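Undergrad: The structure file model18.txt (compact mmCIF, C-alpha atoms and all ligand atoms) is provided below.
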```
# COMPACT_ATOMS: atom_id res chain seq x y z
CA MET A 1 -3.13 -50.57 -17.69
CA THR A 2 -4.80 -53.11 -19.94
CA ASN A 3 -4.96 -52.97 -23.73
CA ASP A 4 -8.76 -53.06 -23.71
CA TYR A 5 -10.90 -49.96 -23.59
CA PRO A 6 -14.51 -50.82 -24.45
CA LEU A 7 -16.05 -48.99 -27.41
CA THR A 8 -19.58 -49.75 -28.59
CA PRO A 9 -20.57 -49.86 -32.28
CA GLN A 10 -22.73 -46.78 -31.49
CA GLN A 11 -19.69 -44.85 -30.25
CA ILE A 12 -17.69 -45.77 -33.36
CA ALA A 13 -20.60 -44.73 -35.59
CA ALA A 14 -20.98 -41.45 -33.66
CA TYR A 15 -17.26 -40.68 -34.10
CA GLN A 16 -17.46 -41.39 -37.83
CA ARG A 17 -20.60 -39.25 -38.22
CA ASP A 18 -19.58 -36.30 -36.02
CA GLY A 19 -15.79 -36.32 -36.40
CA TYR A 20 -15.21 -36.30 -32.65
CA ILE A 21 -16.14 -38.18 -29.49
CA GLN A 22 -15.60 -37.87 -25.75
CA LEU A 23 -14.24 -40.96 -23.95
CA ASN A 24 -14.19 -41.05 -20.17
CA ASP A 25 -11.69 -42.71 -17.82
CA VAL A 26 -9.27 -43.82 -20.51
CA ILE A 27 -6.31 -43.57 -18.12
CA THR A 28 -6.95 -43.85 -14.39
CA GLY A 29 -5.37 -44.24 -10.94
CA ASP A 30 -1.62 -44.71 -10.67
CA ASP A 31 -1.23 -44.73 -14.46
CA LEU A 32 -2.76 -41.29 -14.69
CA THR A 33 -0.48 -39.95 -11.95
CA ALA A 34 2.62 -41.52 -13.54
CA PHE A 35 1.73 -40.25 -17.04
CA ARG A 36 0.90 -36.75 -15.80
CA ASP A 37 4.08 -36.49 -13.72
CA ALA A 38 6.28 -37.75 -16.55
CA VAL A 39 4.82 -35.29 -19.09
CA ALA A 40 5.00 -32.41 -16.61
CA ALA A 41 8.67 -33.18 -15.88
CA VAL A 42 9.60 -32.81 -19.57
CA VAL A 43 7.58 -29.60 -19.90
CA LYS A 44 9.28 -28.22 -16.80
CA GLU A 45 12.74 -29.08 -18.14
CA ASP A 46 11.92 -27.32 -21.44
CA THR A 47 10.42 -24.20 -19.92
CA ALA A 48 13.36 -23.77 -17.56
CA ARG A 49 15.60 -23.47 -20.62
CA LEU A 50 13.50 -20.84 -22.41
CA ASP A 51 14.24 -17.13 -22.44
CA PRO A 52 11.08 -15.42 -21.10
CA ASN A 53 11.75 -12.52 -23.53
CA ARG A 54 12.00 -14.72 -26.63
CA THR A 55 9.91 -14.08 -29.75
CA ARG A 56 7.06 -16.56 -29.55
CA ASN A 57 5.86 -18.52 -32.60
CA SER A 58 2.14 -18.95 -33.24
CA TYR A 59 1.83 -21.98 -30.95
CA GLU A 60 3.87 -20.36 -28.19
CA GLN A 61 1.48 -17.43 -28.11
CA ILE A 62 -1.29 -19.85 -27.15
CA PHE A 63 0.41 -22.42 -24.92
CA ILE A 64 3.63 -24.08 -23.90
CA GLN A 65 4.07 -26.78 -26.52
CA CYS A 66 6.55 -29.67 -26.30
CA VAL A 67 6.61 -31.91 -29.36
CA ASN A 68 7.38 -35.64 -29.27
CA VAL A 69 7.57 -35.91 -25.52
CA TRP A 70 7.56 -39.70 -26.00
CA GLN A 71 11.09 -39.51 -27.41
CA ARG A 72 12.34 -37.77 -24.27
CA SER A 73 10.97 -39.94 -21.48
CA PRO A 74 10.65 -43.75 -21.26
CA ALA A 75 7.66 -43.32 -18.94
CA VAL A 76 5.84 -41.05 -21.41
CA LYS A 77 6.77 -43.44 -24.24
CA SER A 78 5.16 -46.38 -22.42
CA TYR A 79 1.84 -44.50 -22.37
CA VAL A 80 1.93 -42.70 -25.71
CA LEU A 81 2.72 -45.93 -27.58
CA HIS A 82 0.33 -48.00 -25.44
CA ARG A 83 -1.96 -50.36 -27.38
CA ARG A 84 -4.91 -49.24 -25.25
CA LEU A 85 -4.69 -45.81 -26.87
CA GLY A 86 -3.60 -47.07 -30.30
CA SER A 87 -6.50 -49.51 -30.37
CA ILE A 88 -8.98 -46.70 -29.62
CA ALA A 89 -7.56 -44.73 -32.57
CA SER A 90 -7.63 -47.80 -34.80
CA ARG A 91 -11.20 -48.85 -33.95
CA LEU A 92 -12.58 -45.32 -34.33
CA SER A 93 -10.89 -44.72 -37.69
CA GLY A 94 -11.33 -48.32 -38.85
CA LEU A 95 -7.65 -48.42 -39.92
CA SER A 96 -4.24 -49.57 -38.65
CA VAL A 97 -2.54 -46.51 -37.23
CA ARG A 98 0.93 -45.15 -36.61
CA LEU A 99 1.94 -42.40 -34.22
CA TRP A 100 2.35 -39.14 -36.18
CA HIS A 101 3.54 -37.18 -33.14
CA ASP A 102 2.53 -36.19 -29.66
CA HIS A 103 2.65 -32.75 -28.08
CA ALA A 104 2.14 -31.51 -24.55
CA LEU A 105 -0.13 -28.45 -24.62
CA PHE A 106 0.09 -26.65 -21.32
CA LYS A 107 -2.05 -23.52 -21.42
CA GLU A 108 -0.90 -20.92 -18.94
CA PRO A 109 -3.40 -19.01 -16.81
CA HIS A 110 -4.25 -15.35 -17.35
CA THR A 111 -2.77 -14.97 -20.85
CA GLY A 112 -6.25 -14.64 -22.37
CA ALA A 113 -5.10 -16.83 -25.27
CA LYS A 114 -7.79 -18.91 -26.90
CA THR A 115 -7.07 -21.63 -29.44
CA PRO A 116 -8.91 -20.36 -32.55
CA TRP A 117 -11.30 -22.52 -34.56
CA HIS A 118 -9.20 -24.57 -36.96
CA GLN A 119 -8.66 -27.91 -38.69
CA ASP A 120 -5.37 -29.73 -38.05
CA THR A 121 -4.61 -31.85 -41.08
CA PRO A 122 -4.07 -28.92 -43.50
CA TYR A 123 -0.92 -28.05 -41.46
CA TRP A 124 0.56 -31.53 -41.81
CA PRO A 125 2.92 -32.82 -44.51
CA HIS A 126 0.71 -35.75 -45.47
CA GLN A 127 -0.55 -36.69 -48.93
CA GLN A 128 -3.66 -38.34 -47.43
CA LYS A 129 -5.69 -36.15 -45.11
CA MET A 130 -8.98 -37.79 -44.22
CA HIS A 131 -8.32 -40.18 -41.33
CA GLN A 132 -5.74 -38.65 -38.99
CA LEU A 133 -7.01 -38.40 -35.43
CA THR A 134 -5.99 -36.89 -32.11
CA LEU A 135 -6.50 -38.23 -28.61
CA TRP A 136 -6.53 -35.06 -26.52
CA VAL A 137 -5.85 -36.40 -23.03
CA ALA A 138 -6.67 -34.24 -20.00
CA LEU A 139 -3.91 -34.75 -17.43
CA GLN A 140 -5.93 -32.63 -15.00
CA ASP A 141 -9.62 -31.76 -15.23
CA ALA A 142 -10.30 -29.72 -18.40
CA THR A 143 -13.19 -27.32 -17.90
CA ILE A 144 -14.82 -24.39 -19.64
CA GLN A 145 -12.94 -22.21 -17.17
CA ASN A 146 -9.47 -23.54 -18.00
CA GLY A 147 -9.88 -24.11 -21.76
CA CYS A 148 -11.44 -27.45 -22.66
CA MET A 149 -12.19 -28.32 -26.30
CA SER A 150 -15.25 -27.59 -28.44
CA PHE A 151 -16.08 -29.18 -31.79
CA LEU A 152 -18.28 -28.45 -34.79
CA PRO A 153 -19.88 -31.83 -35.52
CA GLY A 154 -19.65 -33.11 -39.07
CA THR A 155 -17.07 -30.58 -40.24
CA GLN A 156 -14.50 -33.32 -40.93
CA LYS A 157 -16.20 -33.47 -44.32
CA LEU A 158 -15.20 -29.88 -45.19
CA LEU A 159 -12.23 -30.16 -47.52
CA ASP A 160 -10.03 -27.61 -49.27
CA ILE A 161 -10.40 -24.85 -46.67
CA GLU A 162 -7.33 -22.62 -46.27
CA PRO A 163 -5.38 -23.40 -43.06
CA VAL A 164 -6.18 -20.90 -40.29
CA ASN A 165 -3.24 -18.79 -39.10
CA LEU A 166 -3.31 -19.56 -35.36
CA ALA A 167 -1.35 -16.43 -34.48
CA ASN A 168 -3.61 -14.13 -36.50
CA PRO A 169 -6.87 -16.02 -36.98
CA GLN A 170 -9.57 -14.88 -39.37
CA ASP A 171 -13.19 -15.09 -38.39
CA LEU A 172 -14.42 -18.70 -38.70
CA TYR A 173 -17.31 -17.66 -40.94
CA ASP A 174 -14.90 -15.95 -43.36
CA VAL A 175 -12.72 -19.06 -43.51
CA ALA A 176 -15.57 -21.56 -43.65
CA PRO A 177 -18.96 -19.94 -44.34
CA GLN A 178 -20.39 -23.48 -44.52
CA THR A 179 -20.14 -23.66 -40.71
CA LYS A 180 -22.72 -20.90 -40.17
CA GLY A 181 -25.59 -22.25 -38.11
CA LEU A 182 -23.69 -25.27 -36.79
CA LYS A 183 -23.86 -25.61 -33.02
CA PRO A 184 -20.52 -26.21 -31.24
CA VAL A 185 -20.32 -29.00 -28.67
CA THR A 186 -18.09 -28.32 -25.66
CA CYS A 187 -16.53 -31.26 -23.83
CA GLU A 188 -15.50 -30.84 -20.20
CA LEU A 189 -13.26 -33.72 -19.12
CA LYS A 190 -12.20 -35.29 -15.86
CA ALA A 191 -8.46 -35.96 -15.65
CA GLY A 192 -7.62 -39.16 -17.56
CA SER A 193 -10.55 -38.74 -19.95
CA CYS A 194 -10.07 -37.59 -23.50
CA THR A 195 -11.68 -36.27 -26.62
CA VAL A 196 -10.81 -37.83 -29.95
CA HIS A 197 -11.16 -35.76 -33.10
CA ASN A 198 -10.57 -36.29 -36.78
CA GLY A 199 -7.82 -33.90 -37.96
CA MET A 200 -10.32 -32.29 -40.36
CA THR A 201 -12.94 -31.52 -37.68
CA PHE A 202 -13.08 -27.84 -36.72
CA HIS A 203 -12.24 -27.38 -33.05
CA TYR A 204 -11.57 -24.60 -30.56
CA ALA A 205 -10.46 -24.17 -26.95
CA GLY A 206 -11.10 -21.13 -24.79
CA PRO A 207 -8.58 -19.17 -22.73
CA ASN A 208 -7.41 -20.49 -19.38
CA ARG A 209 -9.24 -18.33 -16.84
CA SER A 210 -8.38 -20.57 -13.88
CA ALA A 211 -5.55 -19.97 -11.44
CA GLY A 212 -3.49 -23.00 -12.58
CA MET A 213 -1.99 -24.50 -15.70
CA ARG A 214 -4.24 -26.46 -18.12
CA GLU A 215 -2.27 -29.68 -18.62
CA VAL A 216 -2.95 -31.77 -21.71
CA ILE A 217 -1.09 -34.14 -23.99
CA ALA A 218 -2.40 -34.56 -27.52
CA ILE A 219 -1.44 -37.85 -29.20
CA ILE A 220 -1.85 -37.81 -32.95
CA TYR A 221 -2.24 -40.87 -35.16
CA MET A 222 -2.18 -41.35 -38.93
CA PRO A 223 -3.23 -44.34 -41.03
CA ASP A 224 -0.47 -46.86 -41.74
CA GLY A 225 0.70 -46.08 -45.29
CA THR A 226 0.43 -42.28 -44.99
CA THR A 227 2.99 -40.68 -47.33
CA TYR A 228 5.03 -37.50 -47.16
CA ALA A 229 3.91 -34.27 -48.86
CA PRO A 230 6.71 -31.69 -48.81
CA THR A 231 5.39 -28.97 -46.45
CA THR A 232 7.38 -27.38 -43.67
CA HIS A 233 6.74 -29.08 -40.35
CA PRO A 234 9.03 -29.34 -37.31
CA VAL A 235 8.64 -33.13 -37.04
CA THR A 236 9.63 -33.93 -40.63
CA ASP A 237 11.89 -30.98 -41.59
CA PRO A 238 15.05 -32.61 -40.15
CA LEU A 239 14.41 -35.97 -41.84
CA GLY A 240 15.20 -35.18 -45.49
CA LEU A 241 12.18 -37.11 -46.81
CA GLN A 242 11.18 -37.39 -50.47
CA ALA A 243 7.63 -36.65 -51.68
CA GLY A 244 5.59 -39.84 -51.58
CA GLN A 245 7.84 -41.59 -49.07
CA LYS A 246 5.97 -43.58 -46.41
CA LEU A 247 6.03 -42.16 -42.90
CA ASN A 248 7.02 -45.32 -41.05
CA GLY A 249 9.86 -46.87 -39.09
CA GLU A 250 10.81 -46.20 -35.51
CA LEU A 251 9.99 -42.46 -35.58
CA PHE A 252 6.41 -43.22 -36.61
CA PRO A 253 5.72 -46.52 -34.84
CA LEU A 254 2.74 -48.76 -35.53
CA VAL A 255 0.57 -48.67 -32.42
CA SER A 256 -2.32 -50.89 -33.43
CA ASP A 257 -2.75 -54.36 -34.90
O1 LIG B 301 -5.29 -27.67 -26.57
C1 LIG B 301 -5.74 -26.77 -27.27
O2 LIG B 301 -6.03 -25.66 -26.82
C2 LIG B 301 -5.97 -27.02 -28.73
C3 LIG B 301 -5.50 -28.36 -29.17
C4 LIG B 301 -5.66 -28.64 -30.61
O3 LIG B 301 -5.96 -27.78 -31.40
C5 LIG B 301 -5.44 -30.01 -31.07
O4 LIG B 301 -5.10 -30.89 -30.27
O5 LIG B 301 -5.62 -30.25 -32.28
```
Take the structure in the file and give it back as structure tokens.
Ligand SMILES: O=C(O)CCC(=O)C(=O)O

TA:
Amino acid sequence: MTNDYPLTPQQIAAYQRDGYIQLNDVITGDDLTAFRDAVAAVVKEDTARLDPNRTRNSYEQIFIQCVNVWQRSPAVKSYVLHRRLGSIASRLSGLSVRLWHDHALFKEPHTGAKTPWHQDTPYWPHQQKMHQLTLWVALQDATIQNGCMSFLPGTQKLLDIEPVNLANPQDLYDVAPQTKGLKPVTCELKAGSCTVHNGMTFHYAGPNRSAGMREVIAIIYMPDGTTYAPTTHPVTDPLGLQAGQKLNGELFPLVSD
């Protein structure tokens, strides 16, 4: 696939105003099949190893989550680190970006698990929190029936709200009364299309009421220069980082110019 995905100045302005945008046909044809198959193979390998009776953490109660799939599969790596995607993240945020991490989010059918309204960045061990962004890539069609994403436009400007406990979510209006009256926008996606959201934008995904798995990979970027804030997180916990240390190097590669 080529490095160029066209974005108009209007789309960039809409992303910066609303804190999210839908982009169609970002990955297509054989690339989409290869990416989807490579991600699904890693998820399958992981799930085969899991004890079905294990205690599930907050993410596991919502979906099967595999973090940093790009480190496990050269094929996945070639897509996750692709400049086509990095350049989208860089042009929308207006900054050079590094990969923060990716995660496959496969939502199983019939569990009834929704992804509660939440912001992402408050969970992350970053000292700067305003410009992280996620490309949420549908590997198969994402619909209202199987749990596509919804966003509350403009909420990326809401700072200092307590992180939502995903396993035991409070009512959105208790957490963020400022969101009362805002109208959510729901984005159904064809496979290979994506939504992009600022890590501070409130978002939600419904339960998977279809017969099959909802297959998604979320690729998360942070501005080059982002520094470490000591907070427990599975990506950084093993690294022994010091407060203020830059998140860079080969684990957090630069993916834009
Ligand atoms: O896939 C989902 O259900 C939610 C994903 C999400 O919250 C995210 O990518 O930030």

Undergrad: Skipping near chain neighbours, those fewer than 5 positions away, what residues fall within 9 Å of stretch 234-243 of chain A using all atoms listed in the file, listed as number ranges by chain?

TA: A: 67-68, 100-101, 125, 127, 227-229

Undergrad: Where does chain A meet ligand LIG 301 (chain B) within 7 Å, residue by residue, with the nearest atom pair and distance in Å to one decimal for each, counting only C-alpha atoms and all ligand atoms, listed by chain and rising number, as JSON lines?

TA:
```
{"residue": "A:Leu105", "atom": "CA", "partner": "B:LIG301", "partner_atom": "O1", "distance": 5.6}
{"residue": "A:Lys114", "atom": "CA", "partner": "B:LIG301", "partner_atom": "O2", "distance": 7.0}
{"residue": "A:Thr115", "atom": "CA", "partner": "B:LIG301", "partner_atom": "O2", "distance": 4.9}
{"residue": "A:Asp120", "atom": "CA", "partner": "B:LIG301", "partner_atom": "O5", "distance": 5.8}
{"residue": "A:Thr134", "atom": "CA", "partner": "B:LIG301", "partner_atom": "O4", "distance": 6.3}
{"residue": "A:Trp136", "atom": "CA", "partner": "B:LIG301", "partner_atom": "O4", "distance": 5.8}
{"residue": "A:Gly147", "atom": "CA", "partner": "B:LIG301", "partner_atom": "O2", "distance": 6.5}
{"residue": "A:Met149", "atom": "CA", "partner": "B:LIG301", "partner_atom": "C1", "distance": 6.7}
{"residue": "A:His203", "atom": "CA", "partner": "B:LIG301", "partner_atom": "O3", "distance": 6.5}
{"residue": "A:Tyr204", "atom": "CA", "partner": "B:LIG301", "partner_atom": "C2", "distance": 6.4}
{"residue": "A:Ala205", "atom": "CA", "partner": "B:LIG301", "partner_atom": "O2", "distance": 4.7}
{"residue": "A:Val216", "atom": "CA", "partner": "B:LIG301", "partner_atom": "O1", "distance": 6.8}
{"residue": "A:Ala218", "atom": "CA", "partner": "B:LIG301", "partner_atom": "O4", "distance": 5.3}
```

Undergrad: Which residues, written as a PyMOL selection string, have at least one atom at most 12 Å from A:Val76, with all atoms listed in the file counted and residues fewer than 5 positions away on the same chain left out?

TA: chain A and resi 31-43+68-71+81-82+102-104+217+219

Undergrad: Please determine, counting only C-alpha atoms, which residue among A:Gly94, A:Pro74, A:Gly154, A:Pro230 has the shortest atom-to-atom distance to A:Arg17.

TA: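 The closest residue to A:Arg17 is A:Gly154.
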
Undergrad: Taking (1.0, -16.8, -18.8) in the file's own coordinates, collect the residues within 12 Å, counting only C-alpha atoms, and hand them back as a list of chain:residue names.

TA: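 So the residues meeting the distance criterion are A:Pro52, A:Glu60, A:Gln61, A:Ile62, A:Phe63, A:Ile64, A:Phe106, A:Lys107, A:Glu108, A:Pro109, A:His110, A:Thr111, A:Gly112, A:Ala113, A:Pro207, A:Asn208, A:Arg209, A:Ser210, A:Ala211, A:Gly212, A:Met213, A:Arg214.
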